[in-house]
Amino acid sequence: GPRNTTEVELRVATPAGVVPKVAFEESVEKALLGALPAEDRSELERGGTIRRERVWLWSPVANEQLHLIAWCGRGQLPPRGPRCGLFVARIAPGEIKALAWVPSGAWVANLYKPGPTSMLWVVGGDVRGAFKRLISYRHGEVVMGEVSRGTPPKNLDDQKKRK
């Protein structure tokens with residue numbers, strides 16, 4: 001058929017990667033806490049007062065920016081103790097879409113980047129010790145892997161083969 005002469009030019013406004021931040025604006029943090037599913041918020045509250053611990057901006061692919069916020073509910077003594085996790089959300093004009101809640105046990109969630117910007121390890125811990133959980137960005141969604149202790153598999157497909 002005839003050649004299509006329409007040209008589309010895309011600018012990379014947000015390059016892929018992870019950027020740690022000191023904090024998000026207070027209004028953004030409140031909105032993120034409000035978007036956290038009720039069941040997950042209730043679990044955090046069982047540990048005590050909810051506080052923001054760490055925040056990042058994650059661009060798993062160019063021009064996609066996700067907000068990551070590590071929260072802990074602290075103040076309760078054992079056996080309840082602290083409850084922590086990482087919330088992953090996409091903020092668009094007028095809405096916040098919750099993509100994943102990744103429990104990190106009693107430890108403040110931390111991130112480890114194993115390779116491609118579309119994959120992150122969330123590091124946490126409990127009474128048994130440290131653990132990792134792979135989160136992977138796939139076609140606009142965040143997929144959460146199983147808890148891994150010890151040497152982690154390189155990707156979710158390897159993790160499924162081990163079962």
# chains A, B, ... in the order shown; residues from 1 in each chain; ligands from 1
>>> residues_around(residues="segment 45-60 of chain A", least_positions_apart="5", cutoff="6 Å", atoms="only C-alpha atoms", output="ChimeraX atom specification")
/A:16-21,23,65-76,81-83,117-118
>>> residues_around(residues="Met144 of chain A", least_positions_apart="2", cutoff="8 Å", atoms="only C-alpha atoms", output="number ranges by chain")
A: 100, 102, 133-136, 142, 146
>>> residues_around(residues="Ser104 of chain A", least_positions_apart="4", cutoff="9 Å", atoms="only C-alpha atoms", output="JSON, numbers by chain")
{"A": [70, 83, 84, 85, 86, 108, 109, 110, 122, 123, 124, 125, 126, 131, 132, 133]}
>>> write_last_selection(atoms="all heavy atoms", output="mmCIF file, in the first residue's frame")
data_model
loop_
_atom_site.group_PDB
_atom_site.id
_atom_site.type_symbol
_atom_site.label_atom_id
_atom_site.label_comp_id
_atom_site.auth_asym_id
_atom_site.auth_seq_id
_atom_site.Cartn_x
_atom_site.Cartn_y
_atom_site.Cartn_z
ATOM 1 N N ALA A 70 7.890 3.180 51.738
ATOM 2 C CA ALA A 70 8.022 2.163 52.784
ATOM 3 C C ALA A 70 7.379 2.721 54.045
ATOM 4 O O ALA A 70 7.757 3.795 54.518
ATOM 5 C CB ALA A 70 9.492 1.830 53.027
ATOM 6 N N ARG A 83 5.074 -3.771 62.049
ATOM 7 C CA ARG A 83 4.628 -4.321 60.769
ATOM 8 C C ARG A 83 5.059 -3.324 59.703
ATOM 9 O O ARG A 83 4.777 -2.137 59.829
ATOM 10 C CB ARG A 83 3.109 -4.458 60.712
ATOM 11 C CG ARG A 83 2.491 -5.269 61.821
ATOM 12 C CD ARG A 83 2.536 -6.737 61.461
ATOM 13 N NE ARG A 83 1.571 -7.501 62.203
ATOM 14 C CZ ARG A 83 1.815 -8.115 63.357
ATOM 15 N NH1 ARG A 83 2.992 -8.012 63.903
ATOM 16 N NH2 ARG A 83 0.894 -8.819 63.956
ATOM 17 N N CYS A 84 5.739 -3.818 58.665
ATOM 18 C CA CYS A 84 6.266 -2.918 57.640
ATOM 19 C C CYS A 84 5.975 -3.457 56.241
ATOM 20 O O CYS A 84 5.708 -4.648 56.070
ATOM 21 C CB CYS A 84 7.783 -2.752 57.794
ATOM 22 S SG CYS A 84 8.302 -2.101 59.393
ATOM 23 N N GLY A 85 6.097 -2.581 55.257
ATOM 24 C CA GLY A 85 5.920 -2.996 53.876
ATOM 25 C C GLY A 85 6.178 -1.849 52.927
ATOM 26 O O GLY A 85 6.420 -0.707 53.337
ATOM 27 N N LEU A 86 6.119 -2.180 51.652
ATOM 28 C CA LEU A 86 6.360 -1.223 50.575
ATOM 29 C C LEU A 86 5.107 -1.124 49.721
ATOM 30 O O LEU A 86 4.577 -2.137 49.262
ATOM 31 C CB LEU A 86 7.536 -1.687 49.708
ATOM 32 C CG LEU A 86 7.884 -0.773 48.537
ATOM 33 C CD1 LEU A 86 8.660 0.442 49.046
ATOM 34 C CD2 LEU A 86 8.707 -1.514 47.504
ATOM 35 N N VAL A 108 12.080 -2.346 58.039
ATOM 36 C CA VAL A 108 11.758 -1.316 57.053
ATOM 37 C C VAL A 108 12.164 -1.857 55.684
ATOM 38 O O VAL A 108 13.279 -2.352 55.508
ATOM 39 C CB VAL A 108 12.525 -0.008 57.341
ATOM 40 C CG1 VAL A 108 12.270 1.021 56.246
ATOM 41 C CG2 VAL A 108 12.155 0.541 58.707
ATOM 42 N N ALA A 109 11.262 -1.776 54.723
ATOM 43 C CA ALA A 109 11.562 -2.257 53.366
ATOM 44 C C ALA A 109 12.737 -1.485 52.786
ATOM 45 O O ALA A 109 12.841 -0.271 52.942
ATOM 46 C CB ALA A 109 10.337 -2.099 52.471
ATOM 47 N N ASN A 110 13.611 -2.219 52.122
ATOM 48 C CA ASN A 110 14.712 -1.606 51.395
ATOM 49 C C ASN A 110 14.725 -2.208 50.003
ATOM 50 O O ASN A 110 14.124 -3.258 49.770
ATOM 51 C CB ASN A 110 16.040 -1.834 52.102
ATOM 52 C CG ASN A 110 17.049 -0.741 51.781
ATOM 53 O OD1 ASN A 110 16.806 0.110 50.933
ATOM 54 N ND2 ASN A 110 18.178 -0.776 52.453
ATOM 55 N N VAL A 122 12.747 -6.399 47.000
ATOM 56 C CA VAL A 122 12.358 -5.743 48.241
ATOM 57 C C VAL A 122 12.924 -6.603 49.353
ATOM 58 O O VAL A 122 12.659 -7.801 49.430
ATOM 59 C CB VAL A 122 10.820 -5.635 48.363
ATOM 60 C CG1 VAL A 122 10.446 -5.004 49.699
ATOM 61 C CG2 VAL A 122 10.260 -4.824 47.199
ATOM 62 N N VAL A 123 13.748 -5.991 50.202
ATOM 63 C CA VAL A 123 14.402 -6.703 51.297
ATOM 64 C C VAL A 123 13.663 -6.395 52.587
ATOM 65 O O VAL A 123 13.363 -5.232 52.881
ATOM 66 C CB VAL A 123 15.882 -6.278 51.411
ATOM 67 C CG1 VAL A 123 16.568 -7.010 52.556
ATOM 68 C CG2 VAL A 123 16.616 -6.525 50.095
ATOM 69 N N GLY A 124 13.367 -7.452 53.349
ATOM 70 C CA GLY A 124 12.690 -7.304 54.635
ATOM 71 C C GLY A 124 13.236 -8.323 55.610
ATOM 72 O O GLY A 124 14.246 -8.989 55.335
ATOM 73 N N GLY A 125 12.567 -8.469 56.734
ATOM 74 C CA GLY A 125 13.015 -9.439 57.719
ATOM 75 C C GLY A 125 11.947 -9.728 58.756
ATOM 76 O O GLY A 125 11.036 -8.931 58.980
ATOM 77 N N ASP A 126 12.089 -10.888 59.375
ATOM 78 C CA ASP A 126 11.170 -11.317 60.425
ATOM 79 C C ASP A 126 11.959 -12.092 61.468
ATOM 80 O O ASP A 126 13.193 -12.032 61.469
ATOM 81 C CB ASP A 126 10.014 -12.137 59.834
ATOM 82 C CG ASP A 126 10.482 -13.336 59.015
ATOM 83 O OD1 ASP A 126 11.638 -13.788 59.193
ATOM 84 O OD2 ASP A 126 9.694 -13.828 58.189
ATOM 85 N N PHE A 131 14.849 -11.683 54.349
ATOM 86 C CA PHE A 131 14.271 -12.310 53.165
ATOM 87 C C PHE A 131 14.185 -11.275 52.052
ATOM 88 O O PHE A 131 14.310 -10.080 52.290
ATOM 89 C CB PHE A 131 12.902 -12.942 53.441
ATOM 90 C CG PHE A 131 11.835 -11.978 53.888
ATOM 91 C CD1 PHE A 131 11.130 -11.202 52.977
ATOM 92 C CD2 PHE A 131 11.517 -11.866 55.233
ATOM 93 C CE1 PHE A 131 10.136 -10.331 53.384
ATOM 94 C CE2 PHE A 131 10.523 -10.987 55.657
ATOM 95 C CZ PHE A 131 9.839 -10.218 54.739
ATOM 96 N N LYS A 132 13.971 -11.765 50.846
ATOM 97 C CA LYS A 132 13.809 -10.906 49.673
ATOM 98 C C LYS A 132 12.546 -11.326 48.938
ATOM 99 O O LYS A 132 12.115 -12.465 49.029
ATOM 100 C CB LYS A 132 15.000 -11.060 48.719
ATOM 101 C CG LYS A 132 16.329 -10.668 49.294
ATOM 102 C CD LYS A 132 17.437 -11.008 48.297
ATOM 103 C CE LYS A 132 18.794 -10.728 48.851
ATOM 104 N NZ LYS A 132 19.278 -11.735 49.770
ATOM 105 N N ARG A 133 12.009 -10.377 48.194
ATOM 106 C CA ARG A 133 10.848 -10.661 47.360
ATOM 107 C C ARG A 133 11.025 -9.854 46.078
ATOM 108 O O ARG A 133 11.189 -8.641 46.128
ATOM 109 C CB ARG A 133 9.575 -10.258 48.075
ATOM 110 C CG ARG A 133 8.320 -10.664 47.347
ATOM 111 C CD ARG A 133 7.092 -10.184 48.087
ATOM 112 N NE ARG A 133 6.950 -10.799 49.378
ATOM 113 C CZ ARG A 133 5.999 -11.682 49.690
ATOM 114 N NH1 ARG A 133 5.134 -12.047 48.804
ATOM 115 N NH2 ARG A 133 5.925 -12.174 50.896
#
>>> select_by_dssp(residues="chain A", states="helix (DSSP H, G or I)", output="list in words")
Glu26, Ser27, Val28, Glu29, Lys30, Ala31, Leu32, Leu33, Gly34, Ala35, Ala38, Glu39, Asp40, Arg41, Ser42, Glu43, Leu44, Glu45, Arg46, Gly47, Leu156, Asp157, Asp158, Gln159, Lys160, Lys161 and Arg162 of chain A
>>> residues_around(residues="Ile96 of chain A", least_positions_apart="3", cutoff="8 Å", atoms="only C-alpha atoms", output="compact mmCIF listing (two decimals) with all heavy atoms, in the first residue's frame")
# COMPACT_ATOMS: atom_id res chain seq x y z
N ALA A 31 -2.21 11.14 50.40
CA ALA A 31 -3.01 10.53 49.34
C ALA A 31 -2.60 9.07 49.13
O ALA A 31 -3.45 8.20 48.91
CB ALA A 31 -2.86 11.32 48.05
N LEU A 32 -1.30 8.78 49.19
CA LEU A 32 -0.83 7.40 49.04
C LEU A 32 -1.34 6.54 50.19
O LEU A 32 -1.80 5.41 49.97
CB LEU A 32 0.69 7.36 48.96
CG LEU A 32 1.30 7.86 47.66
CD1 LEU A 32 2.81 8.07 47.80
CD2 LEU A 32 1.00 6.92 46.51
N ALA A 35 -4.81 5.64 49.61
CA ALA A 35 -5.01 4.69 48.51
C ALA A 35 -4.58 3.27 48.89
O ALA A 35 -4.87 2.33 48.15
CB ALA A 35 -4.22 5.14 47.28
N ALA A 89 2.64 2.57 43.76
CA ALA A 89 1.45 3.20 43.17
C ALA A 89 1.83 4.07 41.97
O ALA A 89 2.95 4.56 41.88
CB ALA A 89 0.73 4.05 44.21
N ARG A 90 0.87 4.24 41.10
CA ARG A 90 1.01 5.15 39.97
C ARG A 90 0.10 6.35 40.25
O ARG A 90 -1.08 6.18 40.55
CB ARG A 90 0.56 4.47 38.67
CG ARG A 90 0.63 5.39 37.44
CD ARG A 90 0.12 4.71 36.18
NE ARG A 90 0.96 3.58 35.81
CZ ARG A 90 0.55 2.31 35.80
NH1 ARG A 90 -0.69 1.99 36.13
NH2 ARG A 90 1.37 1.34 35.44
N ILE A 91 0.68 7.53 40.17
CA ILE A 91 -0.10 8.75 40.38
C ILE A 91 -0.36 9.38 39.03
O ILE A 91 0.57 9.72 38.31
CB ILE A 91 0.63 9.73 41.33
CG1 ILE A 91 0.82 9.09 42.70
CG2 ILE A 91 -0.16 11.03 41.43
CD1 ILE A 91 1.55 9.97 43.70
N ALA A 92 -1.63 9.50 38.70
CA ALA A 92 -2.05 10.15 37.46
C ALA A 92 -2.94 11.32 37.87
O ALA A 92 -3.45 11.34 38.99
CB ALA A 92 -2.82 9.17 36.58
